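Text of upload_38.cif (mmCIF, C-alpha atoms and all ligand atoms) as supplied:
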```
data_target
#
loop_
_atom_site.label_atom_id
_atom_site.label_comp_id
_atom_site.auth_asym_id
_atom_site.auth_seq_id
_atom_site.Cartn_x
_atom_site.Cartn_y
_atom_site.Cartn_z
CA MET F 1 -18.98 12.96 -12.45
CA PRO F 2 -20.17 9.39 -11.94
CA PHE F 3 -18.20 6.25 -12.82
CA ASN F 4 -20.39 5.51 -15.83
CA SER F 5 -19.24 8.67 -17.61
CA LEU F 6 -15.59 7.64 -17.70
CA GLY F 7 -15.93 5.19 -20.58
CA LEU F 8 -15.90 2.01 -18.51
CA SER F 9 -18.07 -0.96 -19.47
CA ALA F 10 -21.38 -1.59 -17.72
CA THR F 11 -19.93 -4.75 -16.12
CA LEU F 12 -17.03 -2.86 -14.61
CA VAL F 13 -19.30 -0.08 -13.38
CA GLN F 14 -21.44 -2.73 -11.71
CA SER F 15 -18.40 -4.29 -10.00
CA ILE F 16 -17.40 -0.83 -8.78
CA GLN F 17 -20.86 -0.34 -7.31
CA LYS F 18 -20.72 -3.74 -5.66
CA LEU F 19 -17.56 -2.62 -3.87
CA GLY F 20 -19.43 0.42 -2.63
CA TYR F 21 -17.45 3.09 -4.49
CA LYS F 22 -19.88 5.93 -5.09
CA GLN F 23 -17.87 8.57 -6.91
CA PRO F 24 -14.54 8.30 -8.69
CA TYR F 25 -11.63 9.83 -6.81
CA PRO F 26 -9.77 12.70 -8.53
CA ILE F 27 -7.01 10.44 -9.83
CA GLN F 28 -9.59 8.03 -11.24
CA LYS F 29 -11.48 10.80 -13.04
CA LYS F 30 -8.30 11.86 -14.76
CA ALA F 31 -6.45 8.58 -15.30
CA ILE F 32 -9.24 6.23 -16.42
CA PRO F 33 -10.18 8.04 -19.68
CA SER F 34 -6.51 8.52 -20.64
CA ILE F 35 -5.55 4.92 -19.98
CA LEU F 36 -8.59 3.72 -21.91
CA LYS F 37 -7.25 5.73 -24.87
CA LYS F 38 -3.95 3.80 -24.51
CA LYS F 39 -2.06 6.93 -23.50
CA ASP F 40 0.99 6.91 -21.24
CA VAL F 41 0.29 8.32 -17.80
CA LEU F 42 2.41 9.81 -15.06
CA GLY F 43 0.42 9.81 -11.81
CA ILE F 44 1.85 11.62 -8.81
CA ALA F 45 -0.27 10.23 -6.02
CA LYS F 46 0.09 8.22 -2.88
CA THR F 47 -1.50 5.06 -1.64
CA GLY F 48 -4.91 6.06 -0.33
CA SER F 49 -5.68 8.23 -3.35
CA GLY F 50 -7.39 5.36 -5.22
CA LYS F 51 -4.52 5.03 -7.68
CA THR F 52 -4.74 1.23 -7.91
CA ALA F 53 -8.28 1.20 -9.28
CA SER F 54 -7.33 4.13 -11.53
CA TYR F 55 -5.14 1.81 -13.57
CA VAL F 56 -6.68 -1.61 -12.86
CA LEU F 57 -10.10 -0.71 -14.28
CA PRO F 58 -9.03 0.68 -17.68
CA ILE F 59 -6.37 -2.01 -18.07
CA LEU F 60 -9.01 -4.71 -17.58
CA GLN F 61 -11.26 -3.05 -20.11
CA ASN F 62 -8.45 -2.71 -22.66
CA LEU F 63 -7.74 -6.43 -22.32
CA LYS F 64 -11.00 -7.27 -24.04
CA GLY F 65 -10.31 -9.49 -27.02
CA GLN F 66 -6.66 -10.02 -26.07
CA THR F 67 -6.80 -12.44 -23.20
CA ASP F 68 -6.20 -15.62 -25.16
CA ILE F 69 -2.42 -15.78 -24.97
CA LYS F 70 0.25 -18.45 -25.28
CA ASP F 71 1.35 -20.32 -22.18
CA ARG F 72 4.25 -18.19 -21.01
CA ASN F 73 3.34 -14.82 -22.34
CA ILE F 74 1.68 -12.08 -20.37
CA ASN F 75 -0.28 -9.00 -21.48
CA VAL F 76 0.30 -6.67 -18.56
CA LEU F 77 3.25 -6.30 -16.22
CA VAL F 78 2.88 -4.37 -12.97
CA LEU F 79 6.13 -3.78 -11.09
CA VAL F 80 5.91 -2.98 -7.40
CA PRO F 81 8.55 -2.53 -4.69
CA THR F 82 7.24 -4.87 -2.01
CA ARG F 83 5.63 -8.26 -1.58
CA GLU F 84 2.74 -6.80 0.36
CA LEU F 85 1.91 -4.34 -2.39
CA ALA F 86 2.14 -7.13 -4.98
CA VAL F 87 -0.49 -9.15 -3.11
CA GLN F 88 -2.69 -6.12 -2.60
CA VAL F 89 -2.62 -4.97 -6.23
CA GLN F 90 -3.28 -8.49 -7.54
CA GLU F 91 -6.29 -8.69 -5.28
CA VAL F 92 -7.75 -5.54 -6.87
CA PHE F 93 -7.22 -7.07 -10.34
CA ARG F 94 -8.86 -10.29 -9.16
CA GLN F 95 -11.89 -8.57 -7.67
CA PHE F 96 -12.59 -6.46 -10.72
CA SER F 97 -12.07 -9.43 -13.09
CA LEU F 98 -14.70 -11.62 -11.41
CA ASP F 99 -17.70 -10.66 -13.55
CA LEU F 100 -15.95 -9.85 -16.82
CA PRO F 101 -17.32 -11.70 -19.86
CA TYR F 102 -13.74 -12.60 -20.85
CA PRO F 103 -11.47 -14.45 -18.42
CA VAL F 104 -8.57 -12.47 -17.01
CA ARG F 105 -6.00 -14.32 -14.96
CA SER F 106 -3.80 -12.32 -12.62
CA LEU F 107 -0.95 -13.49 -10.45
CA ALA F 108 1.38 -11.93 -7.86
CA VAL F 109 5.02 -13.06 -7.68
CA PHE F 110 7.60 -11.83 -5.20
CA GLY F 111 10.86 -12.79 -3.53
CA GLY F 112 11.18 -14.29 -0.08
CA ALA F 113 8.78 -17.10 -1.02
CA SER F 114 9.59 -20.33 -2.79
CA ILE F 115 9.83 -19.89 -6.56
CA ASN F 116 8.46 -23.31 -7.58
CA PRO F 117 4.76 -22.70 -6.89
CA GLN F 118 5.08 -19.35 -8.66
CA MET F 119 6.64 -21.05 -11.69
CA LYS F 120 3.82 -23.59 -11.78
CA ALA F 121 1.19 -20.87 -11.54
CA MET F 122 2.75 -19.02 -14.51
CA TYR F 123 0.35 -20.48 -17.05
CA LYS F 124 -1.78 -18.28 -19.28
CA VAL F 125 -1.41 -15.32 -16.94
CA ASN F 126 -2.73 -12.06 -18.37
CA VAL F 127 -1.68 -9.70 -15.61
CA LEU F 128 1.48 -10.31 -13.64
CA VAL F 129 2.16 -8.21 -10.55
CA ALA F 130 5.80 -8.65 -9.57
CA THR F 131 8.71 -7.39 -7.58
CA PRO F 132 11.63 -6.82 -9.98
CA GLY F 133 14.12 -9.38 -8.64
CA ARG F 134 11.66 -12.26 -8.66
CA LEU F 135 10.43 -11.30 -12.10
CA LEU F 136 13.96 -11.63 -13.48
CA ASP F 137 14.42 -14.96 -11.68
CA LEU F 138 11.30 -16.22 -13.43
CA VAL F 139 12.43 -14.93 -16.81
CA ASN F 140 15.84 -16.53 -16.32
CA SER F 141 14.19 -19.84 -15.46
CA ASN F 142 12.18 -19.62 -18.69
CA ALA F 143 8.97 -19.51 -16.71
CA LEU F 144 7.75 -16.47 -18.61
CA GLN F 145 8.35 -14.27 -21.63
CA LEU F 146 7.94 -10.53 -21.74
CA SER F 147 7.88 -10.02 -25.50
CA LYS F 148 4.08 -9.70 -25.75
CA VAL F 149 3.58 -7.19 -22.97
CA THR F 150 1.31 -4.37 -24.13
CA THR F 151 1.11 -2.41 -20.87
CA LEU F 152 3.73 -1.75 -18.22
CA VAL F 153 2.87 -0.25 -14.84
CA LEU F 154 5.44 0.97 -12.35
CA ASP F 155 3.67 1.43 -9.06
CA GLU F 156 5.36 3.35 -6.24
CA ALA F 157 8.17 4.13 -8.66
CA ASP F 158 9.95 6.35 -6.13
CA LYS F 159 10.16 3.48 -3.68
CA LEU F 160 11.26 1.05 -6.39
CA LEU F 161 14.16 3.36 -7.20
CA ASN F 162 14.97 4.16 -3.57
CA LEU F 163 15.20 0.48 -2.78
CA GLY F 164 17.90 0.18 -5.45
CA PHE F 165 15.92 -1.63 -8.14
CA LYS F 166 17.28 0.57 -10.97
CA LYS F 167 19.55 -2.13 -12.42
CA GLU F 168 16.75 -4.72 -12.43
CA LEU F 169 14.40 -2.18 -13.97
CA ASP F 170 16.79 -1.47 -16.83
CA GLU F 171 17.19 -5.19 -17.45
CA ILE F 172 13.43 -5.66 -17.50
CA LEU F 173 12.87 -2.68 -19.83
CA ASP F 174 15.32 -4.25 -22.30
CA LEU F 175 13.19 -7.39 -22.40
CA LEU F 176 9.93 -5.59 -23.16
CA PRO F 177 8.66 -4.76 -26.64
CA LYS F 178 9.43 -1.17 -27.60
CA LYS F 179 5.83 -0.36 -28.48
CA ARG F 180 3.73 -0.49 -25.36
CA GLN F 181 1.68 1.63 -22.98
CA ASN F 182 3.53 2.87 -19.90
CA LEU F 183 1.92 3.95 -16.66
CA LEU F 184 4.05 5.33 -13.90
CA PHE F 185 2.77 6.08 -10.41
CA SER F 186 4.85 7.66 -7.71
CA ALA F 187 4.20 9.47 -4.44
CA THR F 188 6.82 12.07 -5.33
CA LEU F 189 8.48 13.36 -8.45
CA SER F 190 12.06 12.91 -7.22
CA PRO F 191 15.03 13.41 -9.59
CA LYS F 192 15.36 9.61 -9.81
CA VAL F 193 11.73 9.29 -10.89
CA GLN F 194 12.12 12.14 -13.39
CA ASN F 195 15.07 10.31 -14.87
CA ILE F 196 13.14 7.12 -15.47
CA GLU F 197 10.07 9.03 -16.55
CA SER F 198 11.97 10.74 -19.36
CA VAL F 199 13.12 7.43 -20.87
CA LEU F 200 9.95 5.50 -20.19
CA LEU F 201 7.03 7.73 -21.03
CA ASN F 202 5.87 8.93 -24.40
CA LYS F 203 3.91 12.22 -24.28
CA PRO F 204 2.33 11.24 -20.98
CA GLU F 205 -0.81 12.61 -19.46
CA ILE F 206 0.51 14.11 -16.23
CA ILE F 207 -1.80 13.83 -13.24
CA LYS F 208 -0.81 15.35 -9.96
CA ILE F 209 -3.01 14.83 -6.97
CA GLU F 210 -2.34 17.60 -4.53
CA GLU F 211 -1.11 16.60 -1.12
CA LYS F 212 -4.06 18.26 0.64
CA GLU F 213 -6.54 15.85 -0.83
CA GLU F 214 -4.94 12.91 0.91
CA GLU F 215 -2.92 14.25 3.80
CA THR F 216 -3.76 14.01 7.46
CA GLY F 217 -7.11 15.87 7.34
CA LEU F 218 -9.35 12.91 8.14
CA ILE F 219 -7.20 11.72 11.02
CA ASN F 220 -7.98 12.62 14.61
CA GLN F 221 -4.72 12.83 16.43
CA VAL F 222 -4.08 12.56 20.12
CA GLY F 223 -0.85 12.22 22.06
CA TYR F 224 -0.18 10.77 25.51
CA PHE F 225 2.67 11.86 27.75
CA VAL F 226 3.85 8.58 29.22
CA SER F 227 6.96 7.06 30.76
CA ASP F 228 8.59 4.06 29.08
CA GLU F 229 7.46 1.68 31.86
CA LYS F 230 3.82 2.77 31.58
CA LYS F 231 3.52 2.30 27.81
CA GLY F 232 2.35 -1.33 28.09
CA PRO F 233 -0.42 -0.58 30.63
CA LEU F 234 -1.43 2.53 28.65
CA LEU F 235 -1.78 0.54 25.42
CA ARG F 236 -3.94 -2.07 27.14
CA TYR F 237 -6.01 0.65 28.80
CA LEU F 238 -6.65 2.36 25.45
CA ILE F 239 -7.52 -0.89 23.70
CA LYS F 240 -10.07 -1.66 26.41
CA THR F 241 -11.58 1.76 26.98
CA ASN F 242 -11.90 2.53 23.26
CA ASN F 243 -13.09 -1.00 22.56
CA MET F 244 -10.51 -1.23 19.77
CA GLN F 245 -11.19 -4.21 17.53
CA GLN F 246 -8.58 -3.44 14.91
CA VAL F 247 -5.46 -1.50 15.80
CA LEU F 248 -2.08 -1.18 14.13
CA VAL F 249 0.80 -0.50 16.52
CA PHE F 250 4.17 0.81 15.36
CA ALA F 251 7.42 0.30 17.21
CA SER F 252 10.98 0.99 16.18
CA SER F 253 12.69 -2.40 16.36
CA VAL F 254 11.98 -6.08 15.82
CA TYR F 255 12.87 -6.71 19.45
CA LYS F 256 10.38 -4.16 20.69
CA VAL F 257 7.63 -5.41 18.36
CA ASN F 258 8.02 -8.97 19.69
CA ASN F 259 8.07 -7.68 23.21
CA ILE F 260 4.83 -5.72 22.80
CA VAL F 261 3.11 -8.75 21.26
CA ASP F 262 4.24 -11.01 24.13
CA LYS F 263 2.93 -8.57 26.74
CA LEU F 264 -0.42 -8.11 25.02
CA LYS F 265 -0.88 -11.87 24.72
CA LYS F 266 -0.01 -12.39 28.37
CA ASN F 267 -2.81 -9.98 29.15
CA GLY F 268 -5.31 -11.86 27.06
CA ILE F 269 -5.29 -9.50 24.05
CA GLN F 270 -4.99 -11.13 20.65
CA ALA F 271 -1.88 -9.77 18.91
CA LYS F 272 0.63 -10.72 16.23
CA ALA F 273 3.77 -9.23 14.73
CA ILE F 274 4.94 -8.43 11.22
CA HIS F 275 8.57 -7.47 10.68
CA GLY F 276 11.50 -8.23 8.43
CA LYS F 277 12.51 -11.31 10.44
CA LYS F 278 9.20 -13.09 9.82
CA SER F 279 8.90 -15.37 6.80
CA GLN F 280 7.02 -14.11 3.80
CA GLY F 281 4.28 -16.69 4.32
CA THR F 282 3.72 -15.59 7.89
CA ARG F 283 3.74 -11.92 6.93
CA THR F 284 1.16 -12.42 4.22
CA ASP F 285 -1.08 -14.60 6.40
CA THR F 286 -0.92 -12.22 9.35
CA LEU F 287 -1.73 -9.21 7.19
CA GLU F 288 -4.65 -11.04 5.61
CA GLN F 289 -6.00 -12.00 9.03
CA PHE F 290 -5.68 -8.43 10.20
CA LYS F 291 -7.36 -7.00 7.11
CA ALA F 292 -10.20 -9.50 7.51
CA LYS F 293 -10.61 -8.30 11.12
CA HIS F 294 -9.70 -11.71 12.49
CA LEU F 295 -6.81 -10.26 14.41
CA GLN F 296 -7.28 -7.49 16.94
CA VAL F 297 -3.79 -6.01 17.26
CA LEU F 298 -1.05 -6.02 14.64
CA VAL F 299 2.33 -4.77 15.83
CA THR F 300 4.93 -3.82 13.26
CA THR F 301 7.98 -1.80 12.35
CA ASP F 302 8.05 0.84 9.62
CA LEU F 303 7.96 -2.03 7.16
CA LEU F 304 4.21 -1.54 6.97
CA ALA F 305 4.25 2.25 7.17
CA ARG F 306 4.09 2.80 3.43
CA GLY F 307 1.97 1.50 0.72
CA ILE F 308 -0.20 -0.89 2.61
CA ASP F 309 -3.84 -0.21 2.39
CA ILE F 310 -6.20 -1.44 5.06
CA GLU F 311 -9.77 -0.50 4.50
CA PHE F 312 -11.41 1.43 7.35
CA LEU F 313 -8.55 0.91 9.78
CA PRO F 314 -9.85 2.87 12.77
CA PHE F 315 -6.77 3.09 15.01
CA VAL F 316 -3.03 3.50 14.64
CA VAL F 317 -0.78 3.70 17.70
CA ASN F 318 2.77 5.04 17.63
CA TYR F 319 4.16 3.12 20.57
CA GLU F 320 7.49 4.65 19.69
CA LEU F 321 8.17 7.64 17.46
CA PRO F 322 9.81 7.10 14.10
CA ARG F 323 12.95 9.09 13.37
CA SER F 324 11.63 10.97 10.40
CA PRO F 325 8.49 13.12 10.25
CA LYS F 326 7.82 11.63 6.81
CA ASP F 327 7.60 8.15 8.33
CA PHE F 328 5.25 9.54 10.96
CA VAL F 329 2.88 10.82 8.28
CA HIS F 330 3.06 7.52 6.41
CA ARG F 331 2.33 5.59 9.59
CA ILE F 332 -0.70 7.60 10.61
CA GLY F 333 -1.80 7.65 6.98
CA ARG F 334 -2.75 3.98 7.43
CA THR F 335 -5.87 5.25 9.14
CA GLY F 336 -8.30 7.97 7.99
CA ARG F 337 -8.17 6.59 4.45
CA ALA F 338 -10.59 7.49 1.77
CA GLU F 339 -13.65 8.99 3.44
CA ASN F 340 -13.29 7.35 6.82
CA GLN F 341 -12.30 9.03 10.03
CA GLY F 342 -9.48 7.38 11.86
CA GLU F 343 -7.61 7.99 15.08
CA ALA F 344 -3.85 8.16 15.44
CA ILE F 345 -2.49 7.87 18.96
CA THR F 346 1.09 8.73 19.80
CA PHE F 347 3.03 7.86 22.95
CA VAL F 348 5.47 10.57 23.94
CA THR F 349 8.08 10.03 26.64
CA PRO F 350 9.93 12.97 28.24
CA GLU F 351 12.89 12.22 25.92
CA ASP F 352 10.60 12.30 22.85
CA GLN F 353 9.06 15.68 23.51
CA HIS F 354 11.46 17.73 21.46
CA HIS F 355 11.35 15.31 18.54
CA PHE F 356 7.56 15.19 18.61
CA ARG F 357 7.45 18.99 18.41
CA VAL F 358 9.65 18.80 15.31
CA ILE F 359 7.28 16.24 13.77
CA GLN F 360 4.23 18.39 14.49
CA LYS F 361 5.91 21.44 13.00
CA LYS F 362 6.71 19.53 9.80
CA MET F 363 3.12 18.21 9.68
CA LYS F 364 1.79 21.71 10.32
CA GLN F 365 -0.63 20.15 12.76
CA TRP F 366 -0.62 20.41 16.54
CA VAL F 367 -1.71 17.34 18.43
CA THR F 368 -3.82 17.47 21.61
CA MET F 369 -1.80 15.97 24.46
CA ILE F 370 -3.12 14.02 27.44
CA ASP F 371 -1.11 13.28 30.56
CA SER F 372 -1.36 9.53 31.19
CA GLU F 373 -0.49 10.08 34.86
CA LYS F 374 -4.04 11.35 35.27
CA LEU F 375 -5.54 8.09 33.97
CA ASN F 376 -6.31 5.07 36.06
CA LEU F 377 -4.34 2.49 34.09
CA GLN F 378 -5.06 -0.47 36.34
P1 LIG F 401 -5.28 2.93 -3.23
O1 LIG F 401 -4.78 4.35 -3.20
O2 LIG F 401 -5.36 2.40 -4.59
O3 LIG F 401 -4.46 2.05 -2.32
O4 LIG F 401 -6.80 2.92 -2.68
C1 LIG F 401 -7.13 3.33 -1.37
C2 LIG F 401 -8.47 2.79 -0.88
O5 LIG F 401 -9.54 3.51 -1.46
C3 LIG F 401 -8.73 1.32 -1.19
O6 LIG F 401 -9.23 0.72 -0.02
C4 LIG F 401 -9.80 1.32 -2.26
O7 LIG F 401 -10.63 0.19 -2.15
C5 LIG F 401 -10.54 2.60 -1.92
N1 LIG F 401 -11.14 3.26 -3.09
C6 LIG F 401 -10.56 3.43 -4.30
N2 LIG F 401 -11.36 4.14 -5.10
C7 LIG F 401 -12.48 4.44 -4.40
C8 LIG F 401 -13.69 5.20 -4.68
N3 LIG F 401 -13.87 5.78 -5.86
N4 LIG F 401 -14.60 5.28 -3.69
C9 LIG F 401 -14.39 4.71 -2.48
N5 LIG F 401 -13.29 4.00 -2.15
C10 LIG F 401 -12.33 3.87 -3.10
#
```
Could you render the structure as structure tokens?
Ligand code: AMP
Amino acid sequence: MPFNSLGLSATLVQSIQKLGYKQPYPIQKKAIPSILKKKDVLGIAKTGSGKTASYVLPILQNLKGQTDIKDRNINVLVLVPTRELAVQVQEVFRQFSLDLPYPVRSLAVFGGASINPQMKAMYKVNVLVATPGRLLDLVNSNALQLSKVTTLVLDEADKLLNLGFKKELDEILDLLPKKRQNLLFSATLSPKVQNIESVLLNKPEIIKIEEKEEETGLINQVGYFVSDEKKGPLLRYLIKTNNMQQVLVFASSVYKVNNIVDKLKKNGIQAKAIHGKKSQGTRTDTLEQFKAKHLQVLVTTDLLARGIDIEFLPFVVNYELPRSPKDFVHRIGRTGRAENQGEAITFVTPEDQHHFRVIQKKMKQWVTMIDSEKLNLQ
């Protein structure tokens, strides 16, 4: 089923082709026609499934004829749990709006960055992508009104609720008009999500994308037995021998992340860190550089393990194991996205061996192990 049979306009189909999407992903096949019909949708799908375009495209089409709004009103509100996701989703709206015959303005707002520029930018915005706390700050400063919203999207609803945004969500829902379209996307259908789903959605179209379609199938995995002291040399060796131009490295603490970056830089390898102690501006800039392939190595904590989409990321390295197998799957899920093969490399110290076996068992996938002692790391 090609994109042009889903009911999208010729302009949008052209933009899709420009981006190189050939066929709609399963979630897009199911969600686009329903959203175009103004139905509520519950999408159980993870990042990597193509869920963003599955709502961005029909929302943009439905905006036709409605984009001329008063200064502080918005048409569409997309709530997301993190700043990074806000930036990423807004970018998809921006890209697909470029060639539309009607102007659609989208904006991302999030905490951890100064509110003033965001207040100034809040002028005739059609699509606002926001984290809940910052959205309420803006409403309370009279920078925007929610009474004209026709479509609400909750993206990564499970994460929104897990991060404790329930109170903010309830406040926001009270400010929205009762009659509106609701789209809810979540990686899992947890009891918390079911709770919100039952109050939010009206006879929704339920779309569940099975795990298999997006799990670890496209990822080549390899593990290295290595001692703690040899991890630095092993990482440098792998970067060089595999000619890695874009690699995401995960470590467990801010201290360790900084340490890895320092060592790589001392050895002439271009590297930067993203973690919770970096300012929002720096985090956004660094991620943009990395996505644009202007930065070779990005080292991070599990902050980036979920939700962030980097197109064609070829390599992920687990410098240290995460505690939970779920986090492991999220981490390595940063590579092997869509139709592209990726490689996930995991460092396993003698102390990690038991834990790594537990992770593999949970993943139902056994990883080929290489003994780094046998490599010439110099
Ligand atoms: P998402 O799950 O929305 O984060 O999307 C995951 C990745 O898949 C993004 O890099 C999209 O650009 C890409 N993508 C989405 N839909 C398609 C498609 N139909 N064909 C190829 N790539 C796609």
Using only C-alpha atoms and all ligand atoms, what does the table of chain F residues within 6 Å of ligand LIG 401 (chain F) look like, with each row giving the shortest atom pair and its distance in Å to one decimal, sorted by chain and ascending number, as a Markdown table?
```
| residue | atom | partner | partner_atom | distance |
| --- | --- | --- | --- | --- |
| F:Tyr21 | CA | F:LIG401 | N4 | 3.7 |
| F:Lys22 | CA | F:LIG401 | N4 | 5.5 |
| F:Gln23 | CA | F:LIG401 | N3 | 5.0 |
| F:Pro24 | CA | F:LIG401 | N3 | 3.8 |
| F:Tyr25 | CA | F:LIG401 | N3 | 4.7 |
| F:Thr47 | CA | F:LIG401 | O1 | 3.7 |
| F:Gly48 | CA | F:LIG401 | O1 | 3.3 |
| F:Ser49 | CA | F:LIG401 | O1 | 4.0 |
| F:Gly50 | CA | F:LIG401 | O1 | 3.5 |
| F:Lys51 | CA | F:LIG401 | O2 | 4.1 |
| F:Thr52 | CA | F:LIG401 | O2 | 3.6 |
| F:Ala53 | CA | F:LIG401 | O2 | 5.7 |
| F:Asp309 | CA | F:LIG401 | O3 | 5.3 |
| F:Glu311 | CA | F:LIG401 | O6 | 4.7 |
| F:Ala338 | CA | F:LIG401 | O5 | 5.2 |
```
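Using all atoms listed in the file, the residues found no farther than 12 Å from Lys120 of chain F, other than those of its own chain fewer than 6 positions away, are Asp71, Arg72, Leu107, Val109, Ser114, Leu138, Ser141, Asn142, Ala143 and Leu144 of chain F.
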Those selected residues, please, written with C-alpha atoms and delivered as a PDB file, in the frame of the given file.
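Okay, result.pdb is ready:
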```
ATOM      1  CA  ASP F  71       1.350 -20.320 -22.180  1.00  0.00           C
ATOM      2  CA  ARG F  72       4.250 -18.190 -21.010  1.00  0.00           C
ATOM      3  CA  LEU F 107      -0.950 -13.490 -10.450  1.00  0.00           C
ATOM      4  CA  VAL F 109       5.020 -13.060  -7.680  1.00  0.00           C
ATOM      5  CA  SER F 114       9.590 -20.330  -2.790  1.00  0.00           C
ATOM      6  CA  LEU F 138      11.300 -16.220 -13.430  1.00  0.00           C
ATOM      7  CA  SER F 141      14.190 -19.840 -15.460  1.00  0.00           C
ATOM      8  CA  ASN F 142      12.180 -19.620 -18.690  1.00  0.00           C
ATOM      9  CA  ALA F 143       8.970 -19.510 -16.710  1.00  0.00           C
ATOM     10  CA  LEU F 144       7.750 -16.470 -18.610  1.00  0.00           C
TER      11      LEU F 144
END
```
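Of the listed residues (F:Leu183, F:Val348, F:Leu100, F:Val89), F:Leu183 comes nearest to Leu36 of chain F; the distances count all atoms listed in the file.
In this model, the gap between atom CA of Ala113 of chain F and atom CA of Thr284 of chain F comes to 10.4 Å.
The residue that comes closest to Gly7 of chain F, out of F:Pro58, F:Gly20, F:Pro26, F:Gly112 and on the basis of only C-alpha atoms, is F:Pro58.
The spacing separating atom CA of Arg236 of chain F from atom CA of Gln378 of chain F amounts to 9.4 Å.
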Open item on the list: Using only C-alpha atoms, which protein or nucleic acid residues come within 9 Å of Phe225 of chain F? Drop anything in the same chain fewer than 5 positions from it, and give the result as a VMD selection string.
Closed with: chain F and resid 346 to 350 353 369 to 373
Open item on the list: Just the number, please: distance in Å from atom CA of Val367 of chain F to atom CA of Tyr255 of chain F, one decimal.
Closed with: 28.1 Å
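Shortest atom-to-atom contact with Lys277 of chain F among F:Val254, F:Ile196, F:Leu98, F:Gln360: F:Val254, counting all atoms listed in the file.
Of the residues listed (F:Gln245, F:Ser186, F:Val299, F:His294), F:Val299 shows the shortest atom-to-atom separation from Ala271 of chain F; distances use all atoms listed in the file.
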Open item on the list: Can you tell me which residues surround Lys203 of chain F at a distance of at most 10 Å, considering only C-alpha atoms, apart from same-chain residues fewer than 3 positions away, and format the answer as number ranges by chain?
Closed with: F: 39-42, 198, 200, 206
Open item on the list: Which residues are close to Pro103 of chain F, i.e. within 9 Å by all atoms listed in the file, leaving aside same-chain residues fewer than 4 positions away? Reply as a ChimeraX atom specification.
Closed with: /F:67-68,97-99
Open item on the list: Set the distance at 12 Å and use only C-alpha atoms: which residues neighbour Leu60 of chain F once local chain neighbours fewer than 2 positions away are removed? I'd like the list as a PyMOL selection string.
Closed with: chain F and resi 8-9+11-12+32+35-36+53-58+62-67+75-76+92-106+126-127+151
Can I get the selection written as a PDB file, in the coordinates of the input, with C-alpha atoms?
```
ATOM      1  CA  LEU F   8     -15.900   2.010 -18.510  1.00  0.00           C
ATOM      2  CA  SER F   9     -18.070  -0.960 -19.470  1.00  0.00           C
ATOM      3  CA  THR F  11     -19.930  -4.750 -16.120  1.00  0.00           C
ATOM      4  CA  LEU F  12     -17.030  -2.860 -14.610  1.00  0.00           C
ATOM      5  CA  ILE F  32      -9.240   6.230 -16.420  1.00  0.00           C
ATOM      6  CA  ILE F  35      -5.550   4.920 -19.980  1.00  0.00           C
ATOM      7  CA  LEU F  36      -8.590   3.720 -21.910  1.00  0.00           C
ATOM      8  CA  ALA F  53      -8.280   1.200  -9.280  1.00  0.00           C
ATOM      9  CA  SER F  54      -7.330   4.130 -11.530  1.00  0.00           C
ATOM     10  CA  TYR F  55      -5.140   1.810 -13.570  1.00  0.00           C
ATOM     11  CA  VAL F  56      -6.680  -1.610 -12.860  1.00  0.00           C
ATOM     12  CA  LEU F  57     -10.100  -0.710 -14.280  1.00  0.00           C
ATOM     13  CA  PRO F  58      -9.030   0.680 -17.680  1.00  0.00           C
ATOM     14  CA  ASN F  62      -8.450  -2.710 -22.660  1.00  0.00           C
ATOM     15  CA  LEU F  63      -7.740  -6.430 -22.320  1.00  0.00           C
ATOM     16  CA  LYS F  64     -11.000  -7.270 -24.040  1.00  0.00           C
ATOM     17  CA  GLY F  65     -10.310  -9.490 -27.020  1.00  0.00           C
ATOM     18  CA  GLN F  66      -6.660 -10.020 -26.070  1.00  0.00           C
ATOM     19  CA  THR F  67      -6.800 -12.440 -23.200  1.00  0.00           C
ATOM     20  CA  ASN F  75      -0.280  -9.000 -21.480  1.00  0.00           C
ATOM     21  CA  VAL F  76       0.300  -6.670 -18.560  1.00  0.00           C
ATOM     22  CA  VAL F  92      -7.750  -5.540  -6.870  1.00  0.00           C
ATOM     23  CA  PHE F  93      -7.220  -7.070 -10.340  1.00  0.00           C
ATOM     24  CA  ARG F  94      -8.860 -10.290  -9.160  1.00  0.00           C
ATOM     25  CA  GLN F  95     -11.890  -8.570  -7.670  1.00  0.00           C
ATOM     26  CA  PHE F  96     -12.590  -6.460 -10.720  1.00  0.00           C
ATOM     27  CA  SER F  97     -12.070  -9.430 -13.090  1.00  0.00           C
ATOM     28  CA  LEU F  98     -14.700 -11.620 -11.410  1.00  0.00           C
ATOM     29  CA  ASP F  99     -17.700 -10.660 -13.550  1.00  0.00           C
ATOM     30  CA  LEU F 100     -15.950  -9.850 -16.820  1.00  0.00           C
ATOM     31  CA  PRO F 101     -17.320 -11.700 -19.860  1.00  0.00           C
ATOM     32  CA  TYR F 102     -13.740 -12.600 -20.850  1.00  0.00           C
ATOM     33  CA  PRO F 103     -11.470 -14.450 -18.420  1.00  0.00           C
ATOM     34  CA  VAL F 104      -8.570 -12.470 -17.010  1.00  0.00           C
ATOM     35  CA  ARG F 105      -6.000 -14.320 -14.960  1.00  0.00           C
ATOM     36  CA  SER F 106      -3.800 -12.320 -12.620  1.00  0.00           C
ATOM     37  CA  ASN F 126      -2.730 -12.060 -18.370  1.00  0.00           C
ATOM     38  CA  VAL F 127      -1.680  -9.700 -15.610  1.00  0.00           C
ATOM     39  CA  THR F 151       1.110  -2.410 -20.870  1.00  0.00           C
TER      40      THR F 151
END
```
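Nearest residue to Asn259 of chain F, choosing from F:Lys231, F:Lys291, F:Lys361, F:Lys240 and counting all atoms listed in the file: F:Lys231.
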